[in-house]
Amino acid sequence: MNPADEILDIVDENDTVIGRARRAEAYARHLRHRCVFILARDAAGRIFVHRRTPDKLVFPSLYDMFVGGVVGAGESYDDAALREAEEELGVHGLPRPRPLFKFLYENGEQSWWSSVYEVRCELPVRPQLEEVAWHAFLPLAELERRVDTWEWVPDGLAAWRRLRASGLGPS
């Protein structure tokens, strides 16, 4: 299925479902929906970082320190987190991602409820070529050096800053 045709739950400011729409319509009309962000760490504790492909619907060619995506209509955040992590990392058999926190991302035009997770991935990754143009597992110190020099997806950067401020994330 074309990702633009995926059906999403449309939610209000309290994350209550108020309708459904195709992803393309949700993006075009700036309808609030749900997303998941998963911080994937390898056995050494390094963080999976990737650059999005240039044909992504939102934030093409930008870097991201999370894997993830939209939550499908009727899907739970937890199920979406596992599905998205396995899809984007190209693995099967991950442990269930651990929920960390949820926040409403808004940038003036776009708005989505965002649930942030963490997962340990000790499997060899094979990221989806249609989603990921480049990837590496970076040590936390290297990622922190890159935060101010690479162009990051704004919602992922917002989630990263909240994660770092909360003390729940990597150390």
# chains A, B, ... in the order shown; residues from 1 in each chain; ligands from 1

call {"tool": "select_by_dssp", "arguments": {"residues": "chain A", "states": "strand (DSSP E)", "output": "PyMOL selection string"}}
result
chain A and resi 7-11+17-22+33-41+47-52+63-64+67-70+98-106+111-120+132-138

call {"tool": "select_by_dssp", "arguments": {"residues": "range 54-162 of chain A", "states": "helix (DSSP H, G or I)", "output": "list in words"}}
result
Tyr77, Asp78, Asp79, Ala80, Ala81, Leu82, Arg83, Glu84, Ala85, Glu86, Glu87, Glu88, Leu89, Leu140, Ala141, Glu142, Leu143, Glu144, Arg145, Arg146, Pro154, Asp155, Gly156, Leu157, Ala158, Ala159, Trp160, Arg161 and Arg162 of chain A

call {"tool": "atom_distance", "arguments": {"atom1": "CA of Asp15 in chain A", "atom2": "CA of Gly69 in chain A"}}
result
16.5 Å

call {"tool": "residues_around", "arguments": {"residues": "range 33-48 of chain A", "least_positions_apart": "4", "cutoff": "7 Å", "atoms": "only C-alpha atoms", "output": "ChimeraX atom specification"}}
result
/A:8-11,65-71,77,80-81,85,112-122,136-140

call {"tool": "residues_around", "arguments": {"residues": "range 126-130 of chain A", "least_positions_apart": "6", "cutoff": "7 Å", "atoms": "only C-alpha atoms", "output": "PyMOL selection string"}}
result
chain A and resi 53+88-91

call {"tool": "residues_around", "arguments": {"residues": "Glu151 in chain A", "least_positions_apart": "3", "cutoff": "9 Å", "atoms": "only C-alpha atoms", "output": "MDAnalysis selection string"}}
result
chainID A and resid 61:64 146:148 154

call {"tool": "write_last_selection", "arguments": {"atoms": "C-alpha atoms", "output": "mmCIF file, in the first residue's frame"}}
result
data_model
loop_
_atom_site.group_PDB
_atom_site.id
_atom_site.type_symbol
_atom_site.label_atom_id
_atom_site.label_comp_id
_atom_site.auth_asym_id
_atom_site.auth_seq_id
_atom_site.Cartn_x
_atom_site.Cartn_y
_atom_site.Cartn_z
ATOM 1 C CA SER A 61 16.698 13.997 3.745
ATOM 2 C CA LEU A 62 16.951 15.059 7.401
ATOM 3 C CA TYR A 63 18.711 13.148 10.178
ATOM 4 C CA ASP A 64 16.836 11.408 12.982
ATOM 5 C CA ARG A 146 26.138 16.277 15.990
ATOM 6 C CA VAL A 147 22.930 17.713 17.490
ATOM 7 C CA ASP A 148 23.966 21.290 16.679
ATOM 8 C CA PRO A 154 12.232 18.901 14.096
#

call {"tool": "atom_distance", "arguments": {"atom1": "CA of Arg164 in chain A", "atom2": "CA of Glu131 in chain A"}}
result
25.6 Å

call {"tool": "atom_distance", "arguments": {"atom1": "CA of Pro124 in chain A", "atom2": "CA of Glu84 in chain A"}}
result
16.2 Å

call {"tool": "closest_residue", "arguments": {"among": "A:Val125, A:Ile7, A:Leu104, A:Ala159", "to": "Glu25 in chain A", "atoms": "only C-alpha atoms"}}
result
A:Ile7

call {"tool": "closest_residue", "arguments": {"among": "A:Arg51, A:Arg96, A:His135, A:Lys102", "to": "Trp152 in chain A", "atoms": "only C-alpha atoms"}}
result
A:Arg51
